[in-house]
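Next comes structure-v8.txt, with compact mmCIF, C-alpha atoms.
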```
# COMPACT_ATOMS: atom_id res chain seq x y z
CA MET A 7 10.75 53.03 -12.58
CA THR A 8 11.80 51.88 -9.12
CA PRO A 9 9.39 51.93 -6.19
CA GLU A 10 11.53 54.58 -4.53
CA ALA A 11 11.41 56.79 -7.61
CA ALA A 12 7.66 56.32 -7.90
CA ILE A 13 7.05 57.30 -4.29
CA ALA A 14 9.35 60.30 -4.71
CA ALA A 15 7.39 61.35 -7.79
CA LEU A 16 4.14 61.13 -5.84
CA SER A 17 5.64 63.00 -2.89
CA ALA A 18 6.54 65.90 -5.17
CA HIS A 19 2.81 66.68 -5.34
CA GLN A 20 2.28 66.93 -1.58
CA ILE A 21 -0.21 69.58 -0.48
CA GLU A 22 0.55 71.15 2.87
CA GLY A 23 -1.81 69.93 5.58
CA LYS A 24 -3.59 67.43 3.31
CA ALA A 25 -1.94 64.33 4.82
CA ALA A 26 -3.43 65.05 8.23
CA ASP A 27 -6.83 65.69 6.71
CA MET A 28 -6.67 62.41 4.78
CA ARG A 29 -5.69 60.44 7.87
CA ALA A 30 -8.67 61.86 9.75
CA TYR A 31 -11.02 61.20 6.85
CA HIS A 32 -9.97 57.66 5.92
CA LYS A 33 -9.42 56.53 9.52
CA ALA A 34 -6.88 53.88 8.51
CA ASP A 35 -3.56 53.74 10.31
CA ARG A 36 -1.00 54.10 7.52
CA PRO A 37 1.29 56.81 6.09
CA TYR A 38 -0.32 59.52 3.96
CA LEU A 39 1.60 61.81 1.63
CA GLY A 40 -1.14 64.38 1.09
CA VAL A 41 -1.44 64.01 -2.70
CA SER A 42 -4.64 64.56 -4.69
CA ASN A 43 -6.17 61.85 -6.86
CA PRO A 44 -5.70 63.80 -10.14
CA ASP A 45 -1.98 64.07 -9.41
CA ILE A 46 -1.77 60.33 -8.77
CA ASP A 47 -3.61 59.77 -12.06
CA ALA A 48 -1.16 61.94 -13.98
CA GLU A 49 1.89 60.20 -12.53
CA VAL A 50 0.54 56.69 -13.11
CA LYS A 51 -0.43 57.53 -16.68
CA SER A 52 3.15 58.55 -17.44
CA TRP A 53 4.52 55.36 -15.83
CA ARG A 54 2.17 53.07 -17.72
CA ALA A 55 3.23 54.57 -21.04
CA GLU A 56 6.81 53.45 -20.46
CA MET A 57 6.32 50.06 -18.80
CA SER A 58 5.51 46.53 -19.89
CA VAL A 59 2.72 44.62 -18.19
CA GLU A 60 5.29 42.62 -16.23
CA GLU A 61 6.97 45.80 -15.04
CA ARG A 62 3.65 47.33 -14.02
CA VAL A 63 2.74 44.28 -11.96
CA SER A 64 6.13 44.33 -10.26
CA LEU A 65 5.89 48.03 -9.43
CA ALA A 66 2.30 47.67 -8.27
CA ALA A 67 3.31 44.90 -5.86
CA ALA A 68 6.10 47.02 -4.39
CA LEU A 69 3.95 50.13 -4.06
CA TRP A 70 1.24 48.15 -2.29
CA GLU A 71 3.78 46.71 0.15
CA SER A 72 4.88 50.25 1.09
CA ASN A 73 1.47 50.64 2.81
CA ILE A 74 1.44 54.34 1.87
CA HIS A 75 -2.11 55.38 1.00
CA GLU A 76 -1.26 57.13 -2.27
CA ALA A 77 1.16 54.37 -3.26
CA ARG A 78 -1.56 51.75 -2.83
CA VAL A 79 -3.95 53.84 -4.91
CA ALA A 80 -1.24 54.16 -7.56
CA ALA A 81 -0.67 50.40 -7.45
CA ALA A 82 -4.32 49.80 -8.30
CA LYS A 83 -4.28 52.41 -11.05
CA LEU A 84 -1.29 50.72 -12.68
CA LEU A 85 -3.51 47.67 -13.33
CA VAL A 86 -6.83 49.29 -14.17
CA GLN A 87 -6.67 49.07 -17.97
CA ALA A 88 -9.25 46.87 -19.64
CA ARG A 89 -6.78 45.44 -22.17
CA LEU A 90 -3.90 44.01 -20.19
CA ARG A 91 -2.20 41.00 -21.71
CA PRO A 92 -1.12 38.74 -20.23
CA ASP A 93 -3.15 39.49 -17.13
CA GLU A 94 -2.87 36.35 -14.99
CA ASP A 95 -0.22 37.86 -12.72
CA ALA A 96 -2.16 41.11 -12.45
CA TRP A 97 -5.29 39.24 -11.36
CA ALA A 98 -3.35 37.12 -8.86
CA LEU A 99 -1.84 40.26 -7.35
CA ILE A 100 -5.17 42.06 -7.07
CA ALA A 101 -6.80 38.99 -5.51
CA SER A 102 -3.95 38.81 -2.98
CA TRP A 103 -4.74 42.38 -1.90
CA VAL A 104 -8.38 41.66 -1.05
CA PRO A 105 -7.78 40.11 2.40
CA GLN A 106 -5.71 43.19 3.26
CA PHE A 107 -8.47 45.73 2.55
CA ASP A 108 -9.20 47.86 5.60
CA ALA A 109 -10.79 51.04 4.24
CA TRP A 110 -13.16 51.89 1.41
CA ALA A 111 -11.02 54.21 -0.76
CA ILE A 112 -8.10 51.87 -1.40
CA ALA A 113 -10.48 48.93 -1.62
CA ASP A 114 -12.56 50.68 -4.28
CA HIS A 115 -9.52 51.55 -6.40
CA ALA A 116 -8.30 47.96 -6.21
CA CYS A 117 -11.79 46.66 -7.00
CA GLY A 118 -11.84 48.94 -10.05
CA ALA A 119 -8.72 47.20 -11.31
CA GLY A 120 -10.11 43.81 -10.38
CA SER A 121 -13.37 44.41 -12.22
CA LYS A 122 -11.43 44.80 -15.49
CA ARG A 123 -9.80 41.44 -14.94
CA LEU A 124 -13.16 39.81 -14.15
CA MET A 125 -14.74 41.20 -17.30
CA ALA A 126 -11.75 39.91 -19.25
CA ASP A 127 -12.17 36.42 -17.75
CA PRO A 128 -15.49 35.78 -15.96
CA THR A 129 -14.35 32.30 -14.87
CA ARG A 130 -12.54 34.18 -12.10
CA LEU A 131 -15.93 34.73 -10.48
CA ASP A 132 -15.52 31.25 -8.97
CA GLN A 133 -12.68 32.67 -6.88
CA VAL A 134 -14.67 35.80 -6.04
CA GLU A 135 -17.56 33.68 -4.82
CA GLU A 136 -15.28 32.29 -2.12
CA TRP A 137 -15.00 35.80 -0.68
CA THR A 138 -18.73 35.95 -0.02
CA THR A 139 -18.39 33.64 2.99
CA SER A 140 -15.22 35.24 4.37
CA GLU A 141 -15.15 36.50 7.94
CA HIS A 142 -13.34 39.57 6.54
CA LEU A 143 -15.94 42.28 5.92
CA TRP A 144 -13.96 43.93 3.13
CA SER A 145 -13.60 40.66 1.22
CA ARG A 146 -17.36 40.13 1.34
CA ARG A 147 -17.90 43.70 0.17
CA ALA A 148 -15.34 43.30 -2.64
CA ALA A 149 -17.44 40.56 -4.23
CA LEU A 150 -20.17 43.13 -4.93
CA VAL A 151 -18.00 46.15 -5.72
CA MET A 152 -15.78 44.22 -8.12
CA THR A 153 -18.78 42.92 -10.08
CA LEU A 154 -20.45 46.31 -10.57
CA PRO A 155 -19.68 46.41 -14.33
CA TRP A 156 -22.37 43.77 -14.88
CA THR A 157 -24.99 46.19 -13.56
CA LYS A 158 -24.13 48.70 -16.27
CA LEU A 159 -24.47 46.68 -19.46
CA ASN A 160 -26.99 48.12 -21.89
CA ASN A 161 -27.29 44.95 -23.97
CA PRO A 162 -26.27 42.05 -21.72
CA LYS A 163 -25.71 38.67 -23.32
CA PRO A 164 -27.21 35.54 -21.77
CA ALA A 165 -23.91 34.87 -19.99
CA ASP A 166 -24.00 38.39 -18.53
CA LEU A 167 -27.53 37.86 -17.26
CA GLU A 168 -26.35 34.67 -15.59
CA VAL A 169 -23.62 36.65 -13.83
CA ARG A 170 -26.16 39.23 -12.68
CA GLU A 171 -28.33 36.52 -11.17
CA ARG A 172 -25.33 34.91 -9.57
CA VAL A 173 -24.28 38.14 -7.88
CA LEU A 174 -27.85 38.93 -6.86
CA GLY A 175 -27.76 35.56 -5.12
CA TRP A 176 -24.71 36.72 -3.19
CA ALA A 177 -26.51 39.95 -2.32
CA ALA A 178 -29.50 37.98 -1.09
CA GLY A 179 -27.16 36.09 1.19
CA TYR A 180 -25.92 39.40 2.60
CA VAL A 181 -29.25 41.00 3.50
CA ASP A 182 -29.10 39.86 7.12
CA ASP A 183 -25.54 41.16 7.50
CA ARG A 184 -25.88 44.27 9.65
CA ALA A 185 -22.49 45.78 8.71
CA TRP A 186 -23.00 49.26 7.26
CA PHE A 187 -20.53 48.76 4.41
CA ILE A 188 -22.18 45.51 3.36
CA GLN A 189 -25.65 47.05 3.35
CA LYS A 190 -24.27 50.04 1.45
CA ALA A 191 -22.76 47.72 -1.17
CA ILE A 192 -26.09 45.92 -1.63
CA GLY A 193 -27.86 49.24 -2.15
CA TRP A 194 -25.14 50.42 -4.53
CA TRP A 195 -25.30 47.28 -6.68
CA LEU A 196 -29.08 47.41 -6.91
CA ARG A 197 -29.15 51.17 -7.58
CA ASP A 198 -26.78 50.79 -10.53
CA LEU A 199 -28.72 47.82 -11.86
CA SER A 200 -31.98 49.76 -11.63
CA LYS A 201 -30.84 51.96 -14.53
CA HIS A 202 -30.92 48.93 -16.81
CA ASP A 203 -33.28 46.40 -15.20
CA ALA A 204 -35.73 48.19 -12.95
CA ALA A 205 -38.07 45.21 -12.74
CA ARG A 206 -35.36 42.92 -11.40
CA VAL A 207 -34.40 45.42 -8.71
CA GLU A 208 -38.02 45.89 -7.69
CA ALA A 209 -38.43 42.11 -7.46
CA PHE A 210 -35.33 41.82 -5.27
CA VAL A 211 -36.55 44.56 -2.94
CA ASP A 212 -40.03 43.05 -2.81
CA THR A 213 -38.47 39.78 -1.66
CA TYR A 214 -35.69 40.99 0.61
CA GLY A 215 -36.36 44.65 1.31
CA GLU A 216 -37.79 44.14 4.81
CA ARG A 217 -34.55 42.43 5.83
CA MET A 218 -32.34 45.20 4.44
CA LYS A 219 -31.49 48.25 6.49
CA PRO A 220 -33.78 51.15 5.57
CA PHE A 221 -30.96 53.27 4.12
CA ALA A 222 -29.87 50.40 1.85
CA ARG A 223 -33.42 49.80 0.65
CA LYS A 224 -33.80 53.51 -0.02
CA GLU A 225 -30.54 53.58 -1.96
CA ALA A 226 -31.58 50.59 -4.07
CA LEU A 227 -34.79 52.33 -5.13
CA ARG A 228 -33.53 55.91 -5.27
CA LEU A 229 -33.30 56.21 -9.05
CA LEU A 230 -36.58 54.39 -9.59
CA LYS A 231 -38.42 56.85 -7.36
CA LYS A 232 -36.95 59.75 -9.32
CA SER A 233 -38.14 58.31 -12.61
CA SER A 234 -41.64 57.44 -11.41
```
Since I need it in another form, could you write the structure as structure tokens?
Amino acid sequence: MTPEAAIAALSAHQIEGKAADMRAYHKADRPYLGVSNPDIDAEVKSWRAEMSVEERVSLAAALWESNIHEARVAAAKLLVQARLRPDEDAWALIASWVPQFDAWAIADHACGAGSKRLMADPTRLDQVEEWTTSEHLWSRRAALVMTLPWTKLNNPKPADLEVRERVLGWAAGYVDDRAWFIQKAIGWWLRDLSKHDAARVEAFVDTYGERMKPFARKEALRLLKKSS
């Protein structure tokens, strides 16, 4: 599968008028094809079935470089599988994308792929921690979004609990950051964790809640209020 063939396959699913709507919605200055997410999913699934890991990484890199919205989403989806061996090149590619994030949708798809690679090798969190002090808003945000799987573990091992505390430390360092997307990410991380460790979320909000924006504090506690 060449990058040109992949983009042509995506383009075949264009919906009239959707590209303009997507440009207005995402507010990022790049080409849009006007293709729905389920259609991207279907195409990428067929590509993955026929490609080696090396080929997927190569295609993902080329699709990302095209800067087309749907192509970048497809690039992330090519690397989103939990079992991807070897995965060193895939992780390096995903990490190289982080400083280029400029909008939430593509960033979230790429973070979804990155989270699989972090769960496969948590030592990569040392690299992620470097993003927490970046001047680039989307890199700081990625550190929380990419570690969301640790909020969802039903039976976390001691090492998983250490990761949770580590990331909560990053979140604590973010509470004075007034950027909406950073505050939203804090609330999101805490909200998801509240399903599995309500007491820890309540303790975090008790300590830092007054420094969080009200909407982020509300988001963090939203599920707890419903269950009370």
- Long-range neighbours of A:Val207 as a PyMOL selection string, 8 Å cut-off, all atoms listed in the file, 3 positions minimum in chain: chain A and resi 196-197+199-200+203-204+210-211+226-227
- Compare A:Leu124, A:Ala80, A:Ala222, A:Met152 by their minimum atom-to-atom distance to A:Arg54, counting all atoms listed in the file, and give me the closest one. A:Ala80
- Message: Applying 12 Å and all atoms listed in the file, which residues near stretch 25-32 of chain A remain after dropping the ones on its own chain fewer than 2 positions away? List them as JSON, numbers by chain.
- Response: {"A": [17, 19, 20, 21, 22, 23, 34, 35, 36, 37, 38, 39, 40, 41, 42, 43, 74, 75, 76, 108, 109, 110, 111, 112, 113]}
- Task: Can you work out which one of A:Arg123, A:Ala11, A:Leu131, A:Phe187 has the shortest atom-to-atom distance to A:Trp144, counting all atoms listed in the file?
- Result: A:Phe187
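For the pair atom CA of A:Ser145 and atom CA of A:Gln106, the separation is 8.5 Å.
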- atom CA of A:Arg146 to atom CA of A:Ile188, distance in Å rounded to a single decimal: 7.5 Å
- Message: Can you tell me which residues surround A:Trp97 at a distance of at most 12 Å, considering all atoms listed in the file, apart from same-chain residues fewer than 6 positions away, and format the answer as number ranges by chain?
- Response: A: 59, 63, 66-67, 82, 85-88, 90-91, 103-104, 116-131, 133-134
Keeping only C-alpha atoms, take the residues you just selected and write them out as a compact mmCIF listing (two decimals), in the coordinates of the input.
```
# COMPACT_ATOMS: atom_id res chain seq x y z
CA VAL A 59 2.72 44.62 -18.19
CA VAL A 63 2.74 44.28 -11.96
CA ALA A 66 2.30 47.67 -8.27
CA ALA A 67 3.31 44.90 -5.86
CA ALA A 82 -4.32 49.80 -8.30
CA LEU A 85 -3.51 47.67 -13.33
CA VAL A 86 -6.83 49.29 -14.17
CA GLN A 87 -6.67 49.07 -17.97
CA ALA A 88 -9.25 46.87 -19.64
CA LEU A 90 -3.90 44.01 -20.19
CA ARG A 91 -2.20 41.00 -21.71
CA TRP A 103 -4.74 42.38 -1.90
CA VAL A 104 -8.38 41.66 -1.05
CA ALA A 116 -8.30 47.96 -6.21
CA CYS A 117 -11.79 46.66 -7.00
CA GLY A 118 -11.84 48.94 -10.05
CA ALA A 119 -8.72 47.20 -11.31
CA GLY A 120 -10.11 43.81 -10.38
CA SER A 121 -13.37 44.41 -12.22
CA LYS A 122 -11.43 44.80 -15.49
CA ARG A 123 -9.80 41.44 -14.94
CA LEU A 124 -13.16 39.81 -14.15
CA MET A 125 -14.74 41.20 -17.30
CA ALA A 126 -11.75 39.91 -19.25
CA ASP A 127 -12.17 36.42 -17.75
CA PRO A 128 -15.49 35.78 -15.96
CA THR A 129 -14.35 32.30 -14.87
CA ARG A 130 -12.54 34.18 -12.10
CA LEU A 131 -15.93 34.73 -10.48
CA GLN A 133 -12.68 32.67 -6.88
CA VAL A 134 -14.67 35.80 -6.04
```
- Query: Between A:Ala81, A:Ala96, A:Ala177, A:Ala68, which has the minimum distance to A:Trp194 (counting all atoms listed in the file)?
  - Reply: A:Ala177
- Distance query A:Arg217 at most 8 Å, only C-alpha atoms, self and fewer than 3 positions along chain excluded, as a VMD selection string: chain A and resid 181 to 182 214
- Task: Would you mind listing what lies within 12 Å of A:Asp183 as a list in words, with only C-alpha atoms counted and same-chain residues fewer than 5 positions away left out?
- Result: Thr138, Thr139, Glu141, Leu143, Arg146, Arg147, Trp176, Ala177, Ala178, Ile188, Gln189, Lys190, Ala191, Ile192, Arg217, Met218, Lys219 and Ala222 of chain A
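Closest approach to A:Asn73 among A:Ser58, A:Phe107, A:Pro92, A:Thr213 is made by A:Phe107 (distances from all atoms listed in the file).
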Could you work out an axis-aligned box for stretch 11-20 of chain A, taking every atom the file lists and adding 5 Å on each side, and report centre and edge lengths in Å to one decimal, as lines of an AutoDock Vina configuration file?
```
center_x = 6.8
center_y = 61.6
center_z = -4.7
size_x = 19.1
size_y = 20.6
size_z = 16.3
```
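Between atom CA of A:Gly179 and atom CA of A:Leu150 lies a distance of 11.7 Å.
Between A:His142 and the residues A:Glu171, A:Ser64, A:Pro105, A:Gly215, the shortest atom-to-atom distance, using only C-alpha atoms, involves A:Pro105.
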